[in-house]
file coords-v1.pdb (PDB, C-alpha atoms)
MODEL        1
ATOM      1  CA  MET A   1      10.674 169.247 168.189  1.00  0.00           C
ATOM      2  CA  GLU A   2      13.934 167.627 169.155  1.00  0.00           C
ATOM      3  CA  SER A   3      14.245 166.717 172.806  1.00  0.00           C
ATOM      4  CA  ARG A   4      17.423 166.466 174.816  1.00  0.00           C
ATOM      5  CA  ILE A   5      15.814 163.880 177.065  1.00  0.00           C
ATOM      6  CA  PRO A   6      16.802 160.315 176.090  1.00  0.00           C
ATOM      7  CA  GLU A   7      14.138 157.869 174.926  1.00  0.00           C
ATOM      8  CA  ARG A   8      14.432 155.638 178.014  1.00  0.00           C
ATOM      9  CA  HIS A   9      14.629 158.468 180.547  1.00  0.00           C
ATOM     10  CA  PRO A  10      12.365 157.951 183.614  1.00  0.00           C
ATOM     11  CA  LEU A  11      10.630 161.298 183.002  1.00  0.00           C
ATOM     12  CA  ARG A  12       9.612 160.196 179.498  1.00  0.00           C
ATOM     13  CA  GLN A  13       8.348 156.887 180.904  1.00  0.00           C
ATOM     14  CA  LEU A  14       6.435 158.649 183.692  1.00  0.00           C
ATOM     15  CA  PHE A  15       4.711 161.093 181.340  1.00  0.00           C
ATOM     16  CA  GLY A  16       3.960 158.271 178.900  1.00  0.00           C
ATOM     17  CA  ALA A  17       2.318 156.171 181.599  1.00  0.00           C
ATOM     18  CA  LEU A  18       0.371 159.119 183.034  1.00  0.00           C
ATOM     19  CA  ALA A  19      -0.877 160.217 179.600  1.00  0.00           C
ATOM     20  CA  GLU A  20      -1.903 156.702 178.610  1.00  0.00           C
ATOM     21  CA  ARG A  21      -3.749 156.270 181.910  1.00  0.00           C
ATOM     22  CA  ALA A  22      -5.463 159.667 181.696  1.00  0.00           C
ATOM     23  CA  PHE A  23      -6.644 159.235 178.128  1.00  0.00           C
ATOM     24  CA  THR A  24      -7.479 155.529 178.221  1.00  0.00           C
ATOM     25  CA  GLU A  25      -8.830 154.945 181.724  1.00  0.00           C
ATOM     26  CA  LYS A  26     -10.114 158.329 182.847  1.00  0.00           C
ATOM     27  CA  LEU A  27     -11.369 159.753 179.547  1.00  0.00           C
ATOM     28  CA  GLY A  28     -12.201 156.450 177.834  1.00  0.00           C
ATOM     29  CA  TRP A  29     -10.329 157.557 174.719  1.00  0.00           C
ATOM     30  CA  PRO A  30      -7.635 154.961 173.958  1.00  0.00           C
ATOM     31  CA  ASP A  31      -6.009 156.836 171.083  1.00  0.00           C
ATOM     32  CA  PHE A  32      -2.350 156.074 171.615  1.00  0.00           C
ATOM     33  CA  LYS A  33      -1.179 158.545 168.971  1.00  0.00           C
ATOM     34  CA  VAL A  34      -2.839 161.353 170.918  1.00  0.00           C
ATOM     35  CA  SER A  35      -1.621 160.187 174.343  1.00  0.00           C
ATOM     36  CA  ASP A  36       1.892 159.692 172.925  1.00  0.00           C
ATOM     37  CA  TYR A  37       1.825 163.177 171.399  1.00  0.00           C
ATOM     38  CA  VAL A  38       0.697 164.681 174.710  1.00  0.00           C
ATOM     39  CA  SER A  39       3.366 162.827 176.708  1.00  0.00           C
ATOM     40  CA  THR A  40       6.052 163.925 174.225  1.00  0.00           C
ATOM     41  CA  LEU A  41       4.775 167.485 174.525  1.00  0.00           C
ATOM     42  CA  LEU A  42       5.121 167.294 178.315  1.00  0.00           C
ATOM     43  CA  VAL A  43       8.681 166.017 178.033  1.00  0.00           C
ATOM     44  CA  ASP A  44       9.650 168.646 175.478  1.00  0.00           C
ATOM     45  CA  PHE A  45       8.121 171.496 177.464  1.00  0.00           C
ATOM     46  CA  THR A  46      10.101 170.589 180.583  1.00  0.00           C
ATOM     47  CA  HIS A  47      12.707 172.798 178.892  1.00  0.00           C
ATOM     48  CA  THR A  48      11.522 176.402 178.794  1.00  0.00           C
ATOM     49  CA  ASP A  49      13.576 176.945 175.648  1.00  0.00           C
ATOM     50  CA  HIS A  50      11.136 174.542 173.945  1.00  0.00           C
ATOM     51  CA  LEU A  51       8.106 176.211 175.492  1.00  0.00           C
ATOM     52  CA  TYR A  52       9.305 179.559 174.158  1.00  0.00           C
ATOM     53  CA  ARG A  53      11.145 178.326 171.063  1.00  0.00           C
ATOM     54  CA  ILE A  54       9.456 180.575 168.504  1.00  0.00           C
ATOM     55  CA  LYS A  55      11.471 183.731 167.880  1.00  0.00           C
ATOM     56  CA  ASN A  56      10.369 186.905 166.124  1.00  0.00           C
ATOM     57  CA  ALA A  57      12.257 188.605 163.281  1.00  0.00           C
ATOM     58  CA  GLN A  58      14.496 190.358 165.828  1.00  0.00           C
ATOM     59  CA  GLY A  59      15.444 187.006 167.391  1.00  0.00           C
ATOM     60  CA  GLU A  60      13.470 187.653 170.587  1.00  0.00           C
ATOM     61  CA  ARG A  61      11.289 184.917 171.980  1.00  0.00           C
ATOM     62  CA  ALA A  62       7.560 185.200 171.421  1.00  0.00           C
ATOM     63  CA  ASP A  63       6.165 184.454 174.863  1.00  0.00           C
ATOM     64  CA  ALA A  64       2.541 185.502 174.409  1.00  0.00           C
ATOM     65  CA  VAL A  65      -0.046 183.870 172.172  1.00  0.00           C
ATOM     66  CA  VAL A  66      -0.773 187.169 170.412  1.00  0.00           C
ATOM     67  CA  GLU A  67       2.902 187.404 169.473  1.00  0.00           C
ATOM     68  CA  LEU A  68       2.805 183.826 168.201  1.00  0.00           C
ATOM     69  CA  LEU A  69      -0.281 184.600 166.118  1.00  0.00           C
ATOM     70  CA  TYR A  70       1.529 187.537 164.553  1.00  0.00           C
ATOM     71  CA  GLU A  71       4.529 185.316 163.796  1.00  0.00           C
ATOM     72  CA  SER A  72       2.270 182.715 162.169  1.00  0.00           C
ATOM     73  CA  GLU A  73       0.978 184.999 159.444  1.00  0.00           C
ATOM     74  CA  VAL A  74       2.829 184.664 156.146  1.00  0.00           C
ATOM     75  CA  SER A  75       1.648 188.127 155.196  1.00  0.00           C
ATOM     76  CA  GLN A  76       3.351 189.492 158.323  1.00  0.00           C
ATOM     77  CA  GLU A  77       6.409 187.664 159.633  1.00  0.00           C
ATOM     78  CA  ALA A  78       6.260 184.001 158.637  1.00  0.00           C
ATOM     79  CA  ALA A  79       8.938 183.463 156.001  1.00  0.00           C
ATOM     80  CA  SER A  80       7.192 180.474 154.439  1.00  0.00           C
ATOM     81  CA  VAL A  81       4.133 178.302 154.569  1.00  0.00           C
ATOM     82  CA  GLU A  82       6.210 175.744 156.514  1.00  0.00           C
ATOM     83  CA  ARG A  83       7.004 178.429 159.093  1.00  0.00           C
ATOM     84  CA  GLU A  84       3.287 179.263 159.324  1.00  0.00           C
ATOM     85  CA  ARG A  85       2.495 175.583 159.947  1.00  0.00           C
ATOM     86  CA  GLU A  86       5.280 175.270 162.541  1.00  0.00           C
ATOM     87  CA  VAL A  87       4.083 178.328 164.457  1.00  0.00           C
ATOM     88  CA  HIS A  88       0.439 177.216 164.372  1.00  0.00           C
ATOM     89  CA  ARG A  89       1.467 173.799 165.685  1.00  0.00           C
ATOM     90  CA  HIS A  90       3.364 175.524 168.480  1.00  0.00           C
ATOM     91  CA  ILE A  91       0.372 177.739 169.287  1.00  0.00           C
ATOM     92  CA  GLY A  92      -1.768 174.597 169.592  1.00  0.00           C
ATOM     93  CA  ASP A  93       0.868 172.947 171.783  1.00  0.00           C
ATOM     94  CA  PHE A  94       1.383 176.029 173.962  1.00  0.00           C
ATOM     95  CA  THR A  95      -2.314 176.709 174.521  1.00  0.00           C
ATOM     96  CA  LEU A  96      -3.016 173.030 175.223  1.00  0.00           C
ATOM     97  CA  PHE A  97      -0.160 172.857 177.720  1.00  0.00           C
ATOM     98  CA  MET A  98      -1.143 176.045 179.541  1.00  0.00           C
ATOM     99  CA  ALA A  99      -4.898 175.354 179.566  1.00  0.00           C
ATOM    100  CA  GLY A 100      -4.422 171.764 180.737  1.00  0.00           C
ATOM    101  CA  LEU A 101      -1.652 172.105 183.297  1.00  0.00           C
ATOM    102  CA  PHE A 102      -1.949 175.719 184.406  1.00  0.00           C
ATOM    103  CA  PRO A 103      -5.604 176.789 184.198  1.00  0.00           C
ATOM    104  CA  GLU A 104      -5.047 179.127 187.149  1.00  0.00           C
ATOM    105  CA  TYR A 105      -2.592 181.093 184.984  1.00  0.00           C
ATOM    106  CA  LEU A 106      -5.305 181.636 182.376  1.00  0.00           C
ATOM    107  CA  LYS A 107      -7.799 182.579 185.061  1.00  0.00           C
ATOM    108  CA  ARG A 108      -5.313 185.048 186.524  1.00  0.00           C
ATOM    109  CA  ILE A 109      -4.835 186.712 183.129  1.00  0.00           C
ATOM    110  CA  LYS A 110      -8.598 187.213 182.844  1.00  0.00           C
ATOM    111  CA  THR A 111      -9.599 188.100 186.408  1.00  0.00           C
ATOM    112  CA  ALA A 112      -6.692 189.613 188.280  1.00  0.00           C
ATOM    113  CA  GLY A 113      -6.783 192.942 186.522  1.00  0.00           C
ATOM    114  CA  LEU A 114      -3.935 192.012 184.217  1.00  0.00           C
ATOM    115  CA  ILE A 115      -5.410 193.969 181.340  1.00  0.00           C
ATOM    116  CA  TYR A 116      -1.873 194.950 180.428  1.00  0.00           C
ATOM    117  CA  HIS A 117      -1.069 191.273 179.692  1.00  0.00           C
ATOM    118  CA  LYS A 118      -0.823 190.750 175.948  1.00  0.00           C
ATOM    119  CA  ASP A 119      -3.100 187.694 176.099  1.00  0.00           C
ATOM    120  CA  PHE A 120      -5.875 189.396 178.073  1.00  0.00           C
ATOM    121  CA  LEU A 121      -8.369 189.020 175.204  1.00  0.00           C
ATOM    122  CA  VAL A 122      -7.117 185.666 173.904  1.00  0.00           C
ATOM    123  CA  ASP A 123      -9.315 182.600 174.318  1.00  0.00           C
ATOM    124  CA  TYR A 124      -6.715 179.832 174.631  1.00  0.00           C
ATOM    125  CA  ILE A 125      -9.208 177.054 173.849  1.00  0.00           C
ATOM    126  CA  LYS A 126     -10.517 178.621 170.624  1.00  0.00           C
ATOM    127  CA  THR A 127      -7.042 179.700 169.560  1.00  0.00           C
ATOM    128  CA  GLY A 128      -5.539 176.257 170.202  1.00  0.00           C
ATOM    129  CA  LYS A 129      -8.326 174.495 168.309  1.00  0.00           C
ATOM    130  CA  ARG A 130      -7.954 176.908 165.381  1.00  0.00           C
ATOM    131  CA  SER A 131      -4.175 176.571 165.244  1.00  0.00           C
ATOM    132  CA  TYR A 132      -4.229 172.772 165.262  1.00  0.00           C
ATOM    133  CA  ARG A 133      -6.888 172.883 162.518  1.00  0.00           C
ATOM    134  CA  ILE A 134      -4.673 175.176 160.423  1.00  0.00           C
ATOM    135  CA  ALA A 135      -1.671 172.895 161.016  1.00  0.00           C
ATOM    136  CA  ALA A 136      -3.813 169.943 159.873  1.00  0.00           C
ATOM    137  CA  GLU A 137      -4.750 171.686 156.637  1.00  0.00           C
ATOM    138  CA  PHE A 138      -1.183 171.646 155.359  1.00  0.00           C
ATOM    139  CA  ASP A 139      -0.920 168.563 153.165  1.00  0.00           C
ATOM    140  CA  ARG A 140       2.356 166.868 153.927  1.00  0.00           C
ATOM    141  CA  GLY A 141       1.523 163.492 152.426  1.00  0.00           C
ATOM    142  CA  PRO A 142       3.250 160.272 153.469  1.00  0.00           C
ATOM    143  CA  ASP A 143       6.432 161.963 154.757  1.00  0.00           C
ATOM    144  CA  ALA A 144       5.059 162.396 158.283  1.00  0.00           C
ATOM    145  CA  THR A 145       7.502 161.390 161.010  1.00  0.00           C
ATOM    146  CA  GLU A 146       7.420 161.375 164.801  1.00  0.00           C
ATOM    147  CA  ASP A 147       8.803 164.918 164.854  1.00  0.00           C
ATOM    148  CA  ARG A 148       6.328 166.019 162.184  1.00  0.00           C
ATOM    149  CA  PRO A 149       2.999 164.265 162.822  1.00  0.00           C
ATOM    150  CA  SER A 150       0.542 163.860 160.006  1.00  0.00           C
ATOM    151  CA  PRO A 151      -2.405 166.212 159.539  1.00  0.00           C
ATOM    152  CA  PRO A 152      -4.994 163.681 160.830  1.00  0.00           C
ATOM    153  CA  LEU A 153      -3.376 163.880 164.288  1.00  0.00           C
ATOM    154  CA  PHE A 154      -3.663 167.668 164.322  1.00  0.00           C
ATOM    155  CA  ARG A 155      -7.257 167.387 163.151  1.00  0.00           C
ATOM    156  CA  LYS A 156      -7.971 165.068 166.117  1.00  0.00           C
ATOM    157  CA  LEU A 157      -6.252 167.483 168.476  1.00  0.00           C
ATOM    158  CA  SER A 158      -8.333 170.349 167.087  1.00  0.00           C
ATOM    159  CA  GLU A 159     -11.641 168.499 167.198  1.00  0.00           C
ATOM    160  CA  ASN A 160     -10.991 167.122 170.693  1.00  0.00           C
ATOM    161  CA  PHE A 161      -9.069 170.035 172.191  1.00  0.00           C
ATOM    162  CA  GLU A 162     -11.230 170.286 175.305  1.00  0.00           C
ATOM    163  CA  LEU A 163     -10.861 166.548 175.895  1.00  0.00           C
ATOM    164  CA  CYS A 164      -7.086 166.886 175.615  1.00  0.00           C
ATOM    165  CA  VAL A 165      -7.178 169.769 178.110  1.00  0.00           C
ATOM    166  CA  ALA A 166      -9.143 167.523 180.479  1.00  0.00           C
ATOM    167  CA  GLY A 167      -6.580 164.742 179.969  1.00  0.00           C
ATOM    168  CA  LEU A 168      -3.775 167.125 180.914  1.00  0.00           C
ATOM    169  CA  GLY A 169      -5.811 168.134 183.956  1.00  0.00           C
ATOM    170  CA  PHE A 170      -5.905 164.486 185.043  1.00  0.00           C
ATOM    171  CA  ILE A 171      -2.151 164.227 184.484  1.00  0.00           C
ATOM    172  CA  ARG A 172      -1.630 167.322 186.625  1.00  0.00           C
ATOM    173  CA  GLY A 173      -3.759 165.763 189.379  1.00  0.00           C
ATOM    174  CA  ASP A 174      -1.675 162.604 189.219  1.00  0.00           C
ATOM    175  CA  LEU A 175       1.541 164.623 189.383  1.00  0.00           C
ATOM    176  CA  ASP A 176       0.211 166.559 192.376  1.00  0.00           C
ATOM    177  CA  ARG A 177      -0.627 163.300 194.168  1.00  0.00           C
ATOM    178  CA  LEU A 178       2.846 161.930 193.448  1.00  0.00           C
ATOM    179  CA  GLN A 179       4.306 164.898 195.345  1.00  0.00           C
ATOM    180  CA  ASP A 180       1.954 164.619 198.315  1.00  0.00           C
ATOM    181  CA  LYS A 181       3.638 163.082 201.380  1.00  0.00           C
ATOM    182  CA  ARG A 182       0.351 161.551 202.518  1.00  0.00           C
ATOM    183  CA  TYR A 183       0.045 159.796 199.165  1.00  0.00           C
ATOM    184  CA  HIS A 184       3.519 158.322 199.560  1.00  0.00           C
ATOM    185  CA  GLN A 185       2.811 157.224 203.128  1.00  0.00           C
ATOM    186  CA  ALA A 186      -0.455 155.545 202.100  1.00  0.00           C
ATOM    187  CA  ARG A 187       1.268 153.904 199.152  1.00  0.00           C
ATOM    188  CA  ARG A 188       4.028 152.492 201.392  1.00  0.00           C
ATOM    189  CA  ILE A 189       1.407 151.153 203.799  1.00  0.00           C
ATOM    190  CA  ILE A 190      -0.633 149.543 201.034  1.00  0.00           C
ATOM    191  CA  LEU A 191       2.352 148.099 199.177  1.00  0.00           C
ATOM    192  CA  ASN A 192       4.174 146.784 202.260  1.00  0.00           C
TER     193      ASN A 192
ENDMDL
END

call {"tool": "encode", "arguments": {"input": "coords-v1.pdb", "output": "structure tokens"}}
result
Amino acid sequence: MESRIPERHPLRQLFGALAERAFTEKLGWPDFKVSDYVSTLLVDFTHTDHLYRIKNAQGERADAVVELLYESEVSQEAASVEREREVHRHIGDFTLFMAGLFPEYLKRIKTAGLIYHKDFLVDYIKTGKRSYRIAAEFDRGPDATEDRPSPPLFRKLSENFELCVAGLGFIRGDLDRLQDKRYHQARRIILN
């Protein structure tokens, strides 16, 4: 995923620091590849065109997980195995992002009578774990780059999906506190 946000942008630095803190200090899991992946995901998904970057055969964005699952199947719409891998990676990213930062959205889909929502029967946690596991199964060898992480990273994300969701929950809490006026007032008092 190519980001339009420069490497030294304050948003990238903020998300990097929050992810490292959440995973290292709060979860006790100092895996910097995972925290870096999560912070990059946060930066990339600040653009909704990245969040909804997968298009169907008609060029329309796939904005529900069930649509993404359909697009991931080589026997259906995926033009290649690489496309299948890309879509499964995106499903993992999307479900992780939504479950970690917006759990109330998932709850609303399930409890607010939104049976008409395409994802009504989708379990985001199970689907995300499965999609990262599928992405990890594609052997890409030593050509892994920052934009195309190696399968072991996706395997970690699959095996520790719930932990990653919790890490994003801590990041959300930190972001909420950063916006709270009382937090800023207390911080000014303490630091001055």

call {"tool": "resolve_selection", "arguments": {"input": "coords-v1.pdb", "expression": "the PyMOL selection byres ((chain A and resi 22) around 9)", "output": "JSON, numbers by chain"}}
result
{"A": [17, 18, 19, 20, 21, 23, 24, 25, 26, 27, 28, 29, 35, 166, 167, 168, 169, 170, 171, 174]}

call {"tool": "resolve_selection", "arguments": {"input": "coords-v1.pdb", "expression": "the PyMOL selection byres ((chain A and resi 134-138) around 9)", "output": "list in words"}}
result
Val81, Glu82, Glu84, Arg85, Glu86, Val87, His88, Arg89, Gly92, Lys129, Arg130, Ser131, Tyr132, Arg133, Asp139, Arg140, Ser150, Pro151, Pro152, Leu153, Phe154, Arg155, Lys156 and Ser158 of chain A

call {"tool": "atom_distance", "arguments": {"input": "coords-v1.pdb", "atom1": "CA of Gln58 in chain A", "atom2": "CA of Phe120 in chain A"}}
result
23.8 Å

call {"tool": "atom_distance", "arguments": {"input": "coords-v1.pdb", "atom1": "CA of Leu101 in chain A", "atom2": "CA of Asp119 in chain A"}}
result
17.2 Å

call {"tool": "atom_distance", "arguments": {"input": "coords-v1.pdb", "atom1": "CA of Asp36 in chain A", "atom2": "CA of Phe94 in chain A"}}
result
16.4 Å

call {"tool": "closest_residue", "arguments": {"input": "coords-v1.pdb", "among": "A:Phe15, A:Val34, A:Leu157, A:Val65", "to": "Lys118 in chain A", "atoms": "all atoms listed in the file"}}
result
A:Val65

call {"tool": "axis_aligned_box", "arguments": {"input": "coords-v1.pdb", "around": "range 55-59 of chain A", "padding_each_side": "3 Å", "output": "AutoDock Vina command-line options"}}
result
--center_x 12.9 --center_y 187.0 --center_z 165.6 --size_x 11.1 --size_y 12.6 --size_z 10.6

call {"tool": "closest_residue", "arguments": {"input": "coords-v1.pdb", "among": "A:Ala62, A:Cys164, A:Ala57, A:Val122", "to": "Leu41 in chain A", "atoms": "only C-alpha atoms"}}
result
A:Cys164

call {"tool": "resolve_selection", "arguments": {"input": "coords-v1.pdb", "expression": "the PyMOL selection byres ((chain A and resi 67) around 12)", "output": "VMD selection string"}}
result
chain A and resid 52 54 to 57 60 to 66 68 to 73 76 to 78 87 to 88 90 to 91 117 to 119 122

call {"tool": "write_last_selection", "arguments": {"input": "coords-v1.pdb", "atoms": "C-alpha atoms", "output": "PDB file, keeping the file's coordinate frame"}}
result
ATOM      1  CA  TYR A  52       9.305 179.559 174.158  1.00  0.00           C
ATOM      2  CA  ILE A  54       9.456 180.575 168.504  1.00  0.00           C
ATOM      3  CA  LYS A  55      11.471 183.731 167.880  1.00  0.00           C
ATOM      4  CA  ASN A  56      10.369 186.905 166.124  1.00  0.00           C
ATOM      5  CA  ALA A  57      12.257 188.605 163.281  1.00  0.00           C
ATOM      6  CA  GLU A  60      13.470 187.653 170.587  1.00  0.00           C
ATOM      7  CA  ARG A  61      11.289 184.917 171.980  1.00  0.00           C
ATOM      8  CA  ALA A  62       7.560 185.200 171.421  1.00  0.00           C
ATOM      9  CA  ASP A  63       6.165 184.454 174.863  1.00  0.00           C
ATOM     10  CA  ALA A  64       2.541 185.502 174.409  1.00  0.00           C
ATOM     11  CA  VAL A  65      -0.046 183.870 172.172  1.00  0.00           C
ATOM     12  CA  VAL A  66      -0.773 187.169 170.412  1.00  0.00           C
ATOM     13  CA  LEU A  68       2.805 183.826 168.201  1.00  0.00           C
ATOM     14  CA  LEU A  69      -0.281 184.600 166.118  1.00  0.00           C
ATOM     15  CA  TYR A  70       1.529 187.537 164.553  1.00  0.00           C
ATOM     16  CA  GLU A  71       4.529 185.316 163.796  1.00  0.00           C
ATOM     17  CA  SER A  72       2.270 182.715 162.169  1.00  0.00           C
ATOM     18  CA  GLU A  73       0.978 184.999 159.444  1.00  0.00           C
ATOM     19  CA  GLN A  76       3.351 189.492 158.323  1.00  0.00           C
ATOM     20  CA  GLU A  77       6.409 187.664 159.633  1.00  0.00           C
ATOM     21  CA  ALA A  78       6.260 184.001 158.637  1.00  0.00           C
ATOM     22  CA  VAL A  87       4.083 178.328 164.457  1.00  0.00           C
ATOM     23  CA  HIS A  88       0.439 177.216 164.372  1.00  0.00           C
ATOM     24  CA  HIS A  90       3.364 175.524 168.480  1.00  0.00           C
ATOM     25  CA  ILE A  91       0.372 177.739 169.287  1.00  0.00           C
ATOM     26  CA  HIS A 117      -1.069 191.273 179.692  1.00  0.00           C
ATOM     27  CA  LYS A 118      -0.823 190.750 175.948  1.00  0.00           C
ATOM     28  CA  ASP A 119      -3.100 187.694 176.099  1.00  0.00           C
ATOM     29  CA  VAL A 122      -7.117 185.666 173.904  1.00  0.00           C
TER      30      VAL A 122
END

call {"tool": "closest_residue", "arguments": {"input": "coords-v1.pdb", "among": "A:Phe161, A:Phe45, A:Tyr124, A:Tyr37", "to": "Lys110 in chain A", "atoms": "all atoms listed in the file"}}
result
A:Tyr124

call {"tool": "closest_residue", "arguments": {"input": "coords-v1.pdb", "among": "A:Leu175, A:Asp123, A:Asp49, A:Asp44", "to": "Asp93 in chain A", "atoms": "all atoms listed in the file"}}
result
A:Asp44
